[in-house]
>>> print(open('structure_31.csv').read())   # CSV, C-alpha atoms
chain,number,residue,atom,x,y,z
A,24,MET,CA,96.4,120.6,124.8
A,25,GLU,CA,94.2,117.7,125.7
A,26,ALA,CA,93.7,115.3,122.7
A,27,THR,CA,89.9,115.4,123.1
A,28,ASN,CA,90.0,119.2,122.2
A,29,ILE,CA,91.5,118.6,118.8
A,30,ILE,CA,89.1,119.4,116.0
A,31,LEU,CA,89.0,116.5,113.6
A,32,SER,CA,88.6,116.6,109.9
A,33,ALA,CA,85.3,115.2,108.5
A,34,PRO,CA,86.4,111.6,107.8
A,35,LEU,CA,88.0,111.2,111.3
A,36,GLN,CA,85.0,112.8,112.9
A,37,GLN,CA,82.8,110.3,111.1
A,38,LEU,CA,84.8,107.4,112.5
A,39,LYS,CA,84.6,108.9,116.0
A,40,ASP,CA,80.8,109.4,115.6
A,41,GLU,CA,80.5,105.8,114.5
A,42,HIS,CA,82.1,104.9,117.8
A,43,VAL,CA,79.2,106.5,119.7
A,44,SER,CA,76.5,104.3,118.2
A,45,LEU,CA,78.8,101.2,118.3
A,46,ARG,CA,79.4,101.9,122.1
A,47,GLU,CA,75.7,102.2,122.7
A,48,GLU,CA,75.1,98.9,121.1
A,49,MET,CA,78.0,97.4,123.0
A,50,ASN,CA,76.6,98.7,126.3
A,51,ARG,CA,73.2,97.1,125.5
A,52,PHE,CA,74.8,93.7,124.7
A,53,TYR,CA,77.0,93.9,127.7
A,54,GLU,CA,73.9,94.4,129.9
A,55,ILE,CA,72.5,91.2,128.4
A,56,THR,CA,75.7,89.3,129.3
A,57,GLU,CA,75.2,90.4,132.9
A,58,GLU,CA,71.7,89.1,132.9
A,59,ILE,CA,72.9,85.8,131.5
A,60,GLU,CA,75.6,85.7,134.2
A,61,PHE,CA,73.2,86.4,137.1
A,62,GLU,CA,70.0,84.7,135.9
A,63,SER,CA,69.2,81.1,136.0
A,64,GLY,CA,66.8,78.7,134.3
A,65,PRO,CA,64.9,79.5,131.1
A,66,ALA,CA,65.6,83.3,131.5
A,67,VAL,CA,69.3,82.6,130.6
A,68,ILE,CA,68.3,80.9,127.3
A,69,GLN,CA,65.9,83.7,126.4
A,70,GLU,CA,68.6,86.3,127.2
A,71,PHE,CA,71.1,84.3,125.2
A,72,ALA,CA,68.9,84.3,122.1
A,73,ARG,CA,68.6,88.1,122.4
A,74,LEU,CA,72.4,88.4,122.9
A,75,HIS,CA,73.0,86.2,119.8
A,76,GLU,CA,70.8,88.5,117.7
A,77,ARG,CA,72.5,91.6,119.0
A,78,ILE,CA,76.0,90.3,118.4
A,79,GLN,CA,75.1,89.3,114.8
A,80,ASP,CA,73.8,92.8,114.1
A,81,PHE,CA,76.7,94.5,115.9
A,82,ASN,CA,79.3,92.3,114.2
A,83,ARG,CA,78.0,93.5,110.8
A,84,LYS,CA,78.1,97.1,111.8
A,85,LEU,CA,81.6,96.8,113.3
A,86,LYS,CA,82.9,95.1,110.2
A,87,GLY,CA,81.8,98.1,108.1
A,88,HIS,CA,83.4,100.5,110.5
A,89,SER,CA,86.7,98.5,110.8
A,90,LYS,CA,86.9,98.2,107.0
A,91,LYS,CA,87.2,101.9,106.7
A,92,GLU,CA,90.1,102.0,109.1
A,93,ASP,CA,91.8,98.8,107.9
A,94,ASP,CA,91.5,99.5,104.2
A,95,TRP,CA,92.1,103.3,104.1
A,96,LEU,CA,93.1,105.1,107.3
A,97,PHE,CA,95.7,102.6,108.6
A,98,PRO,CA,97.6,102.2,105.4
A,99,MET,CA,97.6,105.9,104.7
A,100,MET,CA,98.9,106.6,108.2
A,101,ALA,CA,101.5,103.8,108.0
A,102,SER,CA,103.0,105.5,105.0
A,103,HIS,CA,103.8,108.5,107.2
A,104,LEU,CA,105.0,106.7,110.3
A,105,GLY,CA,108.5,105.3,110.7
A,106,GLU,CA,109.0,101.6,110.4
A,107,ASN,CA,109.7,101.4,114.2
A,108,ASP,CA,106.3,103.0,115.0
A,109,ARG,CA,103.9,100.2,116.2
A,110,THR,CA,100.7,102.3,116.4
A,111,ILE,CA,99.0,100.8,113.4
A,112,GLU,CA,100.2,97.3,114.3
A,113,VAL,CA,98.6,97.6,117.7
A,114,MET,CA,95.4,99.0,116.2
A,115,GLU,CA,95.2,96.1,113.7
A,116,PHE,CA,95.9,93.6,116.4
A,117,GLU,CA,93.1,95.0,118.5
A,118,HIS,CA,90.7,94.8,115.5
A,119,GLU,CA,91.7,91.1,115.0
A,120,LYS,CA,91.3,90.3,118.7
A,121,ALA,CA,87.8,91.9,118.9
A,122,GLU,CA,86.7,90.2,115.7
A,123,GLN,CA,88.0,86.9,116.9
A,124,HIS,CA,86.0,87.1,120.2
A,125,LEU,CA,82.9,88.0,118.2
A,126,GLN,CA,83.5,85.2,115.7
A,127,ASP,CA,84.1,82.7,118.6
A,128,PHE,CA,80.8,83.8,120.1
A,129,LEU,CA,79.0,83.3,116.8
A,130,ASN,CA,80.6,80.0,116.0
A,131,GLU,CA,80.0,78.5,119.5
A,132,ALA,CA,76.4,79.8,119.5
A,133,GLU,CA,75.8,78.2,116.1
A,134,GLN,CA,77.3,74.9,117.2
A,135,ALA,CA,75.2,74.8,120.4
A,136,GLY,CA,72.1,75.6,118.4
A,137,PRO,CA,68.6,75.9,119.9
A,138,ALA,CA,69.2,73.1,122.4
A,139,ILE,CA,71.8,75.2,124.2
A,140,ASP,CA,71.8,74.8,128.0
A,141,GLU,CA,72.3,77.3,130.7
A,142,ASP,CA,76.0,76.5,131.4
A,143,GLU,CA,76.9,76.6,127.7
A,144,ALA,CA,75.0,80.0,127.3
A,145,GLN,CA,77.0,81.4,130.2
A,146,ALA,CA,80.3,80.1,128.9
A,147,ILE,CA,79.7,81.4,125.4
A,148,ALA,CA,78.6,84.8,126.6
A,149,VAL,CA,82.1,85.3,128.0
A,150,TYR,CA,83.3,85.9,124.4
A,151,ALA,CA,80.9,88.8,124.1
A,152,VAL,CA,82.3,90.2,127.3
A,153,GLN,CA,85.8,89.9,126.0
A,154,ALA,CA,84.9,91.6,122.7
A,155,TYR,CA,83.3,94.4,124.8
A,156,ALA,CA,86.4,94.9,126.9
A,157,THR,CA,88.7,94.9,123.9
A,158,LEU,CA,86.6,97.4,122.0
A,159,ILE,CA,86.1,99.8,124.8
A,160,GLN,CA,89.8,100.2,125.2
A,161,HIS,CA,90.4,100.2,121.5
A,162,PHE,CA,87.9,103.0,120.7
A,163,ASP,CA,89.4,105.0,123.6
A,164,ARG,CA,92.9,104.5,122.2
A,165,GLU,CA,91.8,105.5,118.7
A,166,GLU,CA,90.1,108.7,120.0
A,167,LYS,CA,92.9,109.8,122.3
A,168,VAL,CA,95.9,108.7,120.2
A,169,LEU,CA,95.2,107.6,116.6
A,170,PHE,CA,92.7,110.2,115.4
A,171,PRO,CA,94.7,113.2,116.7
A,172,MET,CA,97.9,111.6,115.2
A,173,ALA,CA,96.1,111.2,111.9
A,174,GLU,CA,95.0,114.8,112.0
A,175,LYS,CA,98.6,115.9,112.4
A,176,ILE,CA,100.2,113.7,109.8
A,177,LEU,CA,97.7,113.3,106.9
A,178,SER,CA,97.6,116.0,104.2
A,179,ALA,CA,94.4,117.8,103.2
A,180,GLY,CA,94.5,115.7,100.0
A,181,GLU,CA,94.6,112.5,102.0
A,182,MET,CA,91.7,113.7,104.1
A,183,GLU,CA,89.7,114.4,101.0
A,184,GLU,CA,90.6,110.9,99.7
A,185,LEU,CA,89.4,109.3,103.0
A,186,GLU,CA,86.2,111.3,102.9
A,187,ARG,CA,85.5,110.2,99.3
A,188,ARG,CA,86.3,106.5,100.2
A,189,PHE,CA,84.0,106.6,103.3
A,190,ARG,CA,81.1,107.9,101.2
A,191,GLY,CA,81.5,105.2,98.6
>>> encode(input="structure_31.csv", output="structure tokens")
Amino acid sequence: MEATNIILSAPLQQLKDEHVSLREEMNRFYEITEEIEFESGPAVIQEFARLHERIQDFNRKLKGHSKKEDDWLFPMMASHLGENDRTIEVMEFEHEKAEQHLQDFLNEAEQAGPAIDEDEAQAIAVYAVQAYATLIQHFDREEKVLFPMAEKILSAGEMEELERRFRG
């Protein structure tokens, strides 16, 4: 049975649904990074300002999403998995990696300020591209491996607990 055919419990489906809107936002900011890469002159600076705004907004949304996984789903799953299982460790590492790329982007953009030049804008935009690449793979891995695994190992009571936590 293909993992994508697994019917997910409400809290897992909620996380998967959040990926949809996060992916849409990522695709939009990725398109801006391409503009920045291929444009020149004042257009680069304008696109960079748009990108900066999008990344700030996206970063807030991603933090909310990741918090649900880091605070509730991952620890709950870890308690069921053997100590040699690295699934959760890998997921946490990918979260950290993506968040670091986004933070690097925001820090560098902040430091450059409004006087940013074309070369700086193009160099800093690379962090957004790295975050995008990390998250595309990460979401895919969660949907194909993590969520189906959680569906199998978590009890009905734990699912209810997650659902309650995600609502709060």
>>> residues_around(input="structure_31.csv", residues="stretch 148-160 of chain A", least_positions_apart="2", cutoff="7 Å", atoms="all atoms listed in the file", output="VMD selection string")
chain A and resid 49 53 56 117 121 124 to 125 127 to 128 144 to 146 162 to 164
>>> atom_distance(input="structure_31.csv", atom1="atom CA of A:Lys86", atom2="atom CA of A:Glu122")
8.3 Å
>>> residues_around(input="structure_31.csv", residues="stretch 61-68 of chain A", least_positions_apart="6", cutoff="12 Å", atoms="all atoms listed in the file", output="PyMOL selection string")
chain A and resi 54-55+74-75+132+135-148
>>> closest_residue(input="structure_31.csv", among="A:Arg77, A:Leu96, A:Ile29, A:Ala72", to="A:Glu184", atoms="all atoms listed in the file")
A:Leu96
>>> residues_around(input="structure_31.csv", residues="A:Pro98", least_positions_apart="3", cutoff="12 Å", atoms="all atoms listed in the file", output="JSON, numbers by chain")
{"A": [90, 91, 92, 93, 94, 95, 101, 102, 103, 104, 110, 111, 112, 114, 115, 173, 177, 181, 185]}
>>> closest_residue(input="structure_31.csv", among="A:Leu85, A:Ile30, A:Ile176, A:Met100", to="A:Leu45", atoms="only C-alpha atoms")
A:Leu85
